[in-house]
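For reference, the structure is listed below as structure tokens.
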Number of protein chains: 2
Amino acid sequence: MPVSPPRPKGPPLNALRAFEAAARLGGIALAADELCVTPGAISQHIKTLEQWAGVKLFERRAHGVELTKAGRELAPDFTAAFDQMGLALHALRRARPQPAITIAALPCVAQLWLPRHLTAFRLAVPAVRLSVVALETPPHLKRELFDCSLFIRDPEETATGIVLARDEIFPVCAPAIAARLKNPADLSGEVLLHDAVWSGDWPLWAEAAGLASQGFSEGPRYSLYGLALEEAKSGAGVLMGHAGLVDAALARGELVRPFAESVATGKALVLDMPSRPAPSSQAARFCEFLVQNGAG
Amino acid sequence: MPVSPPRPKGPPLNALRAFEAAARLGGIALAADELCVTPGAISQHIKTLEQWAGVKLFERRAHGVELTKAGRELAPDFTAAFDQMGLALHALRRARPQPAITIAALPCVAQLWLPRHLTAFRLAVPAVRLSVVALETPPHLKRELFDCSLFIRDPEETATGIVLARDEIFPVCAPAIAARLKNPADLSGEVLLHDAVWSGDWPLWAEAAGLASQGFSEGPRYSLYGLALEEAKSGAGVLMGHAGLVDAALARGELVRPFAESVATGKALVLDMPSRPAPSSQAARFCEFLVQNGAG
DNA sequence: GCGTGACCTTAGTTTTTCTAACCCAGATTT
DNA sequence: AAATCTGGGTTAGAAAAACTAAGGTCACGC
């Protein structure tokens with residue numbers, strides 16, 4: 001009858017969060033990414049939790065971790081608990097004196113697509129406070145405190161996402177370069193500008209345009225699409241343009257389309273929001289505004 | 001359009017727990033007690049949370065804190081979330097390789113009432129692992145990871161508690177002292193032994209026995225009932241006995257009841273368990289065992 | 001067979017959290 | 001009206017936790 005430790009210590013909440021993320025996403029690296037820490041931190045959290053609970057939660061394999069039976073059975077409970085917590089947190093954020101709308105967006109969307117719409121919305125609703133966070137990967141809206149997200153992605157992968165515009169691509173370049181491009185085959189002599197994450201754009205288009213995709217992966221890569229766009233404007237080469245991201249530059253004449261060929265990538269500009277958007281909130285109004293006006 | 005901080009930091013979970021406890025219990029000191037930290041820590045947590053959320057949650061008054069409107073509206077959401085988390089944690093604990101039954105009990109119950117029953121249960125279920133934690137105040141079974149609790153308390157104050165035995169009190173003392181006690185009035189010349197937390201016992205009994213409660217608060221106080229019991233056995237004075245706690249000593253003849261008068265205190269030995277006890281678990285079996293055999 | 005990808009481990013640093021000791025204001029007593 | 005008591009706030013420093021960075025391991029694919 002060990003009248004043991006004075007009082008069993010409370011559970012390590014951060015470790016639970018780490019476990020939940022790792023279990024849901026199926027990997028330590030992915031969880032680390034979601035929680036914005038290094039994989040080592042997640043690994044340690046999980047070890048702490050396993051020790052605290054006295055249960056092995058993950059099977060460590062060389063090529064990734066796998067949930068044990070216990071882990072597989074327990075994970076949904078924790079997911080449910082953190083979902084509930086997320087609801088409470090959203091409520092908390094909404095209670096602020098002057099609630100701001102926080103938008104998560106792909107950097108290029110934030111830079112090239114959003115500004116117009118933010119300006120228009122501010123005209124319609126003057127007192128609103130908006131802030132934008134640029135992220136490479138879409139956040140979990142139930143967990144992270146964003147009011148909505150705007151990403152170019154496969155529309156299938158979200159349950160609640162709304163397609164604002166299908167993604168289409170076509171080459172764009174400065175007028176001076178366009179002057180010497182009569183047809184797609186002329187591209188062989190030109191510098192092709194690439195976005196680091198959309199490296200498949202040029203081969204995809206080339207194939208659709210009836211060219212061998214051979215050689216379409218060569219050329220400078222930019223980690224930000226906005227950067228590549230600036231380079232294109234200043235005549236550094238030909239960029240694969242995404243409709244929604246280049247139309248402002250096209251309208252201003254800074255860039256032109258040398259060819260008519262346009263290819264759908266299968267992705268789309270997707271607006272997503274937490275499954276239970278605060279009704280009648282400014283965030284809901286903003287999303288509605290985008291749906292009405294965002295296609296343009 | 002501030003493309004501000006890289007990624008808004010996740011919510012401080014420990015601060016949320018502190019807030020939830022303080023809101024539910026209605027005070028910082030109480031929350032500190034539940035979470036086993038100093039009030040200063042809770043206070044800081046709440047400040048951190050208020051800062052993170054940008055919302056005042058508590059109104060600081062000189063004589064205790066009070067929830068603000070926002071706090072009052074938000075608290076139930078967090079309570080729900082932590083309840084859910086508690087369920088998940090219980091499931092986690094149950095998943096251990098050899099699950100142990102952890103019992104929370106009042107120190108005197110752990111010392112004077114439980115041992116017999118633990119022994120009996122071990123006979124019935126040999127392989128079981130039991131551990132006992134002595135606590136002054138009943139734990140929140142939804143939060144703290146006990147499988148059941150055994151406290152002498154008002155049965156009304158629990159929703160799920162099961163009364164094992166009504167609490168009755170009567171004087172007990174060593175046989176040598178009993179020899180000179182013919183009727184209650186003889187107590188006036190005796191040393192009365194008191195338990196620190198049950199200081200009302202003697203006056204209550206005295207009144208029921210038709211004596212003026214005058215003078216029944218005098219005498220040595222012991223912070224542990226078990227200590228007072230030992231003193232009574234060795235002839236230090238007359239103790240107010242609680243039926244369930246002294247019957248073993250009575251059976252062994254170490255103590256005797258000089259008078260027949262017995263008074264119900266309105267409290268009872270209450271067995272409580274988490275609202276959703278694991279069906280078919282060892283913990284459930286133990287509780288059932290106590291209900292069957294615990295009255296004796 | 002060698003590179004690669006995904007993860008683990010460890011040591012050391014940074015950050016958070018906690019405590020201890022003190023101060024305050026309003027109630028409650030004296 | 002003064003003293004006390006109660007429930008909290010504040011602060012510096014100590015303790016504990018979390019995080020990062022760097023190096024290591026194992027399996028897979030080319």
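Labels used: A, B, ... for chains in the order of the structure tokens, numbers from 1 for residues in each chain, and numbers from 1 for ligands as shown.
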
Using only C-alpha atoms (C1' of nucleotides), find each residue in chain A having at least one atom no more than 9 Å away from chain C; report its shortest atom-to-atom pair and that distance in Å (one decimal), rows by chain then rising number, as CSV.
residue,atom,partner,partner_atom,distance
A:Ile28,CA,C:DC7,C1',7.8
A:Ala29,CA,C:DA6,C1',7.9
A:Pro39,CA,C:DC7,C1',8.4
A:Gly40,CA,C:DC8,C1',8.0
A:Ser43,CA,C:DC8,C1',7.9
A:Arg60,CA,C:DC7,C1',8.0
A:Arg61,CA,C:DC7,C1',7.9
A:Ala62,CA,C:DC7,C1',6.6
A:His63,CA,C:DA6,C1',5.4
A:Gly64,CA,C:DA6,C1',5.6
A:Val65,CA,C:DC7,C1',7.8

Writer output for current selection, all heavy atoms, as a PDB file, in the first residue's frame:
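Listed below is the output, result28.pdb:
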ATOM      1  N   ILE A  28       6.772  12.381 -37.402  1.00  0.00           N
ATOM      2  CA  ILE A  28       7.337  13.345 -36.476  1.00  0.00           C
ATOM      3  C   ILE A  28       7.706  14.631 -37.193  1.00  0.00           C
ATOM      4  O   ILE A  28       7.444  15.726 -36.699  1.00  0.00           O
ATOM      5  CB  ILE A  28       8.558  12.727 -35.777  1.00  0.00           C
ATOM      6  CG1 ILE A  28       8.061  11.655 -34.805  1.00  0.00           C
ATOM      7  CG2 ILE A  28       9.361  13.787 -35.051  1.00  0.00           C
ATOM      8  CD1 ILE A  28       9.052  11.225 -33.800  1.00  0.00           C
ATOM      9  N   ALA A  29       8.269  14.490 -38.364  1.00  0.00           N
ATOM     10  CA  ALA A  29       8.683  15.682 -39.100  1.00  0.00           C
ATOM     11  C   ALA A  29       7.468  16.554 -39.443  1.00  0.00           C
ATOM     12  O   ALA A  29       7.524  17.780 -39.330  1.00  0.00           O
ATOM     13  CB  ALA A  29       9.415  15.275 -40.370  1.00  0.00           C
ATOM     14  N   PRO A  39      12.113  18.535 -35.321  1.00  0.00           N
ATOM     15  CA  PRO A  39      11.654  17.170 -35.057  1.00  0.00           C
ATOM     16  C   PRO A  39      12.156  16.641 -33.716  1.00  0.00           C
ATOM     17  O   PRO A  39      11.463  15.886 -33.041  1.00  0.00           O
ATOM     18  CB  PRO A  39      12.248  16.370 -36.209  1.00  0.00           C
ATOM     19  CG  PRO A  39      12.414  17.358 -37.301  1.00  0.00           C
ATOM     20  CD  PRO A  39      12.754  18.654 -36.641  1.00  0.00           C
ATOM     21  N   GLY A  40      13.370  17.036 -33.350  1.00  0.00           N
ATOM     22  CA  GLY A  40      13.906  16.587 -32.069  1.00  0.00           C
ATOM     23  C   GLY A  40      12.993  16.924 -30.910  1.00  0.00           C
ATOM     24  O   GLY A  40      12.796  16.116 -29.996  1.00  0.00           O
ATOM     25  N   SER A  43      10.099  14.571 -30.928  1.00  0.00           N
ATOM     26  CA  SER A  43      10.558  13.255 -30.510  1.00  0.00           C
ATOM     27  C   SER A  43      10.663  13.182 -28.983  1.00  0.00           C
ATOM     28  O   SER A  43      10.196  12.231 -28.357  1.00  0.00           O
ATOM     29  CB  SER A  43      11.905  12.980 -31.156  1.00  0.00           C
ATOM     30  OG  SER A  43      12.414  11.748 -30.739  1.00  0.00           O
ATOM     31  N   ARG A  60       9.129   2.825 -33.560  1.00  0.00           N
ATOM     32  CA  ARG A  60      10.124   3.549 -34.354  1.00  0.00           C
ATOM     33  C   ARG A  60      10.642   2.664 -35.470  1.00  0.00           C
ATOM     34  O   ARG A  60      11.274   1.649 -35.206  1.00  0.00           O
ATOM     35  CB  ARG A  60      11.306   3.978 -33.475  1.00  0.00           C
ATOM     36  CG  ARG A  60      11.152   5.318 -32.795  1.00  0.00           C
ATOM     37  CD  ARG A  60      10.231   5.236 -31.640  1.00  0.00           C
ATOM     38  NE  ARG A  60      10.252   6.450 -30.820  1.00  0.00           N
ATOM     39  CZ  ARG A  60       9.473   6.628 -29.778  1.00  0.00           C
ATOM     40  NH1 ARG A  60       8.611   5.691 -29.438  1.00  0.00           N
ATOM     41  NH2 ARG A  60       9.556   7.738 -29.086  1.00  0.00           N
ATOM     42  N   ARG A  61      10.384   3.078 -36.664  1.00  0.00           N
ATOM     43  CA  ARG A  61      10.918   2.386 -37.825  1.00  0.00           C
ATOM     44  C   ARG A  61      11.971   3.269 -38.449  1.00  0.00           C
ATOM     45  O   ARG A  61      11.993   4.477 -38.239  1.00  0.00           O
ATOM     46  CB  ARG A  61       9.804   2.128 -38.846  1.00  0.00           C
ATOM     47  CG  ARG A  61       8.716   1.237 -38.335  1.00  0.00           C
ATOM     48  CD  ARG A  61       9.136  -0.229 -38.416  1.00  0.00           C
ATOM     49  NE  ARG A  61       8.266  -1.066 -37.597  1.00  0.00           N
ATOM     50  CZ  ARG A  61       6.985  -1.306 -37.889  1.00  0.00           C
ATOM     51  NH1 ARG A  61       6.438  -0.800 -38.967  1.00  0.00           N
ATOM     52  NH2 ARG A  61       6.264  -2.060 -37.101  1.00  0.00           N
ATOM     53  N   ALA A  62      12.814   2.615 -39.274  1.00  0.00           N
ATOM     54  CA  ALA A  62      13.854   3.404 -39.925  1.00  0.00           C
ATOM     55  C   ALA A  62      13.207   4.412 -40.875  1.00  0.00           C
ATOM     56  O   ALA A  62      13.658   5.535 -41.010  1.00  0.00           O
ATOM     57  CB  ALA A  62      14.783   2.498 -40.697  1.00  0.00           C
ATOM     58  N   HIS A  63      12.123   3.995 -41.500  1.00  0.00           N
ATOM     59  CA  HIS A  63      11.516   4.884 -42.479  1.00  0.00           C
ATOM     60  C   HIS A  63      10.221   5.465 -41.963  1.00  0.00           C
ATOM     61  O   HIS A  63       9.149   5.290 -42.551  1.00  0.00           O
ATOM     62  CB  HIS A  63      11.291   4.127 -43.781  1.00  0.00           C
ATOM     63  CG  HIS A  63      11.697   4.913 -44.971  1.00  0.00           C
ATOM     64  ND1 HIS A  63      10.807   5.488 -45.824  1.00  0.00           N
ATOM     65  CD2 HIS A  63      12.912   5.263 -45.432  1.00  0.00           C
ATOM     66  CE1 HIS A  63      11.458   6.137 -46.768  1.00  0.00           C
ATOM     67  NE2 HIS A  63      12.746   6.008 -46.543  1.00  0.00           N
ATOM     68  N   GLY A  64      10.330   6.156 -40.836  1.00  0.00           N
ATOM     69  CA  GLY A  64       9.144   6.778 -40.279  1.00  0.00           C
ATOM     70  C   GLY A  64       8.627   6.024 -39.080  1.00  0.00           C
ATOM     71  O   GLY A  64       8.956   4.867 -38.874  1.00  0.00           O
ATOM     72  N   VAL A  65       7.827   6.683 -38.272  1.00  0.00           N
ATOM     73  CA  VAL A  65       7.252   6.029 -37.107  1.00  0.00           C
ATOM     74  C   VAL A  65       5.892   5.460 -37.472  1.00  0.00           C
ATOM     75  O   VAL A  65       5.270   5.868 -38.453  1.00  0.00           O
ATOM     76  CB  VAL A  65       7.078   7.019 -35.944  1.00  0.00           C
ATOM     77  CG1 VAL A  65       8.415   7.401 -35.361  1.00  0.00           C
ATOM     78  CG2 VAL A  65       6.285   8.223 -36.372  1.00  0.00           C
TER      79      VAL A  65
END

### Task
Quick one: everything within 7 Å of range 73-79 of chain A, counting only C-alpha atoms (C1' of nucleotides), minus sequence neighbours fewer than 2 positions away in the same chain. Send it as a PyMOL selection string.
(chain A and resi 20+23+69-71+81-83) or (chain B and resi 85+88+91-92)

### Task
Counting only C-alpha atoms (C1' of nucleotides), collect the residues of chain D whose closest atom lies at most 12 Å from chain A, and write them out as a PyMOL selection string.
chain D and resi 17-22+25-28

Take the residues that were just selected and, keeping C-alpha atoms (C1' of nucleotides), output them as a CSV table (one decimal), in the first residue's frame.
chain,number,residue,atom,x,y,z
D,17,DA,C1',11.2,22.4,-19.4
D,18,DA,C1',11.6,23.0,-24.1
D,19,DC,C1',14.2,23.9,-28.0
D,20,DT,C1',18.1,23.7,-31.4
D,21,DA,C1',22.0,21.9,-33.6
D,22,DA,C1',25.0,18.5,-34.7
D,25,DT,C1',21.6,5.0,-37.6
D,26,DC,C1',19.0,2.3,-40.5
D,27,DA,C1',16.4,1.0,-44.7
D,28,DC,C1',15.4,2.0,-49.3

### Contact set, chain A to chain B: 9 Å, only C-alpha atoms, as an NGL selection string
:A and (1-14 or 35-36 or 53-56 or 70-71 or 74-78 or 80-89 or 91-93 or 95-97 or 110 or 115 or 118 or 130-135 or 143-145)

#### Entry: Nearby residues (only C-alpha atoms (C1' of nucleotides)) at most 8 Å from Gly244 in chain A, same-chain spacing under 3 positions excluded, as a list in words
Trp113, Ala165, Asp167 and Asp247 of chain A

Okay, now the selection with N, CA, C and O atoms, as a PDB file, in the first residue's frame?
ATOM      1  N   TRP A 113      -1.979  38.572 -55.034  1.00  0.00           N
ATOM      2  CA  TRP A 113      -3.413  38.459 -55.276  1.00  0.00           C
ATOM      3  C   TRP A 113      -4.215  39.238 -54.230  1.00  0.00           C
ATOM      4  O   TRP A 113      -5.149  39.952 -54.536  1.00  0.00           O
ATOM      5  N   ALA A 165     -10.961  30.376 -57.819  1.00  0.00           N
ATOM      6  CA  ALA A 165     -10.591  30.415 -59.236  1.00  0.00           C
ATOM      7  C   ALA A 165      -9.741  29.193 -59.548  1.00  0.00           C
ATOM      8  O   ALA A 165      -8.874  28.829 -58.762  1.00  0.00           O
ATOM      9  N   ASP A 167      -6.808  27.207 -61.258  1.00  0.00           N
ATOM     10  CA  ASP A 167      -5.456  27.664 -61.555  1.00  0.00           C
ATOM     11  C   ASP A 167      -5.101  27.362 -63.004  1.00  0.00           C
ATOM     12  O   ASP A 167      -5.216  26.217 -63.441  1.00  0.00           O
ATOM     13  N   ASP A 247      -2.214  38.626 -63.455  1.00  0.00           N
ATOM     14  CA  ASP A 247      -3.124  39.455 -64.247  1.00  0.00           C
ATOM     15  C   ASP A 247      -2.971  40.950 -63.961  1.00  0.00           C
ATOM     16  O   ASP A 247      -3.155  41.774 -64.854  1.00  0.00           O
TER      17      ASP A 247
END

### Query
Taking the backbone alone, and naming residues the way the document does, which bits of range 16-127 of chain A are strand (DSSP E or B) by DSSP, as a PyMOL selection string?
chain A and resi 58-61+64-67+101-105

### Message
If you run DSSP on the backbone here, which positions in range 200-262 of chain A get alpha helix (DSSP H)? Please write them as a ChimeraX atom specification.
### Response
/A:201-208,225-233,243-251

### Message
List as a list of chain:residue names the protein and nucleic acid residues near Glu190 in chain B, meaning an atom at most 12 Å away when only C-alpha atoms (C1' of nucleotides) are counted, but skip any in the same chain fewer than 6 places from it.
### Response
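Using only C-alpha atoms (C1' of nucleotides), the neighbours found are B:Pro171, B:Cys173, B:Ile177, B:Ala178, B:Arg180, B:Leu181, B:Pro184, B:Gly215, B:Phe216, B:Glu218, B:Gly219, B:Pro220, B:Ala232, B:Gly235, B:Ala236, B:Gly237, B:Val238, B:Leu239.
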
May I have the selected residues written with C-alpha atoms, as a PDB file, in the first residue's frame?
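Produced file result-v5.pdb, reproduced below:
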ATOM      1  CA  PRO B 171     -16.621   8.534  22.431  1.00  0.00           C
ATOM      2  CA  CYS B 173     -11.086   5.373  25.073  1.00  0.00           C
ATOM      3  CA  ILE B 177     -10.267   5.119  31.422  1.00  0.00           C
ATOM      4  CA  ALA B 178     -13.656   3.633  30.608  1.00  0.00           C
ATOM      5  CA  ARG B 180     -14.192   5.423  35.675  1.00  0.00           C
ATOM      6  CA  LEU B 181     -16.800   6.723  33.241  1.00  0.00           C
ATOM      7  CA  PRO B 184     -21.508  11.279  29.939  1.00  0.00           C
ATOM      8  CA  GLY B 215     -15.902  23.179  27.428  1.00  0.00           C
ATOM      9  CA  PHE B 216     -16.011  20.414  24.837  1.00  0.00           C
ATOM     10  CA  GLU B 218     -10.710  22.004  25.061  1.00  0.00           C
ATOM     11  CA  GLY B 219      -7.903  19.498  24.777  1.00  0.00           C
ATOM     12  CA  PRO B 220      -5.033  18.432  22.508  1.00  0.00           C
ATOM     13  CA  ALA B 232      -6.357   7.268  22.842  1.00  0.00           C
ATOM     14  CA  GLY B 235      -4.632   6.164  27.545  1.00  0.00           C
ATOM     15  CA  ALA B 236      -4.013   9.831  26.802  1.00  0.00           C
ATOM     16  CA  GLY B 237      -7.694  10.679  26.905  1.00  0.00           C
ATOM     17  CA  VAL B 238     -11.100  10.190  25.349  1.00  0.00           C
ATOM     18  CA  LEU B 239     -11.424  10.467  21.577  1.00  0.00           C
TER      19      LEU B 239
END

#### Entry: Pairwise distance for CA of Leu150 in chain A and CA of Ala32 in chain A, rounded to one decimal in Å
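These atoms are spaced 22.1 Å apart.
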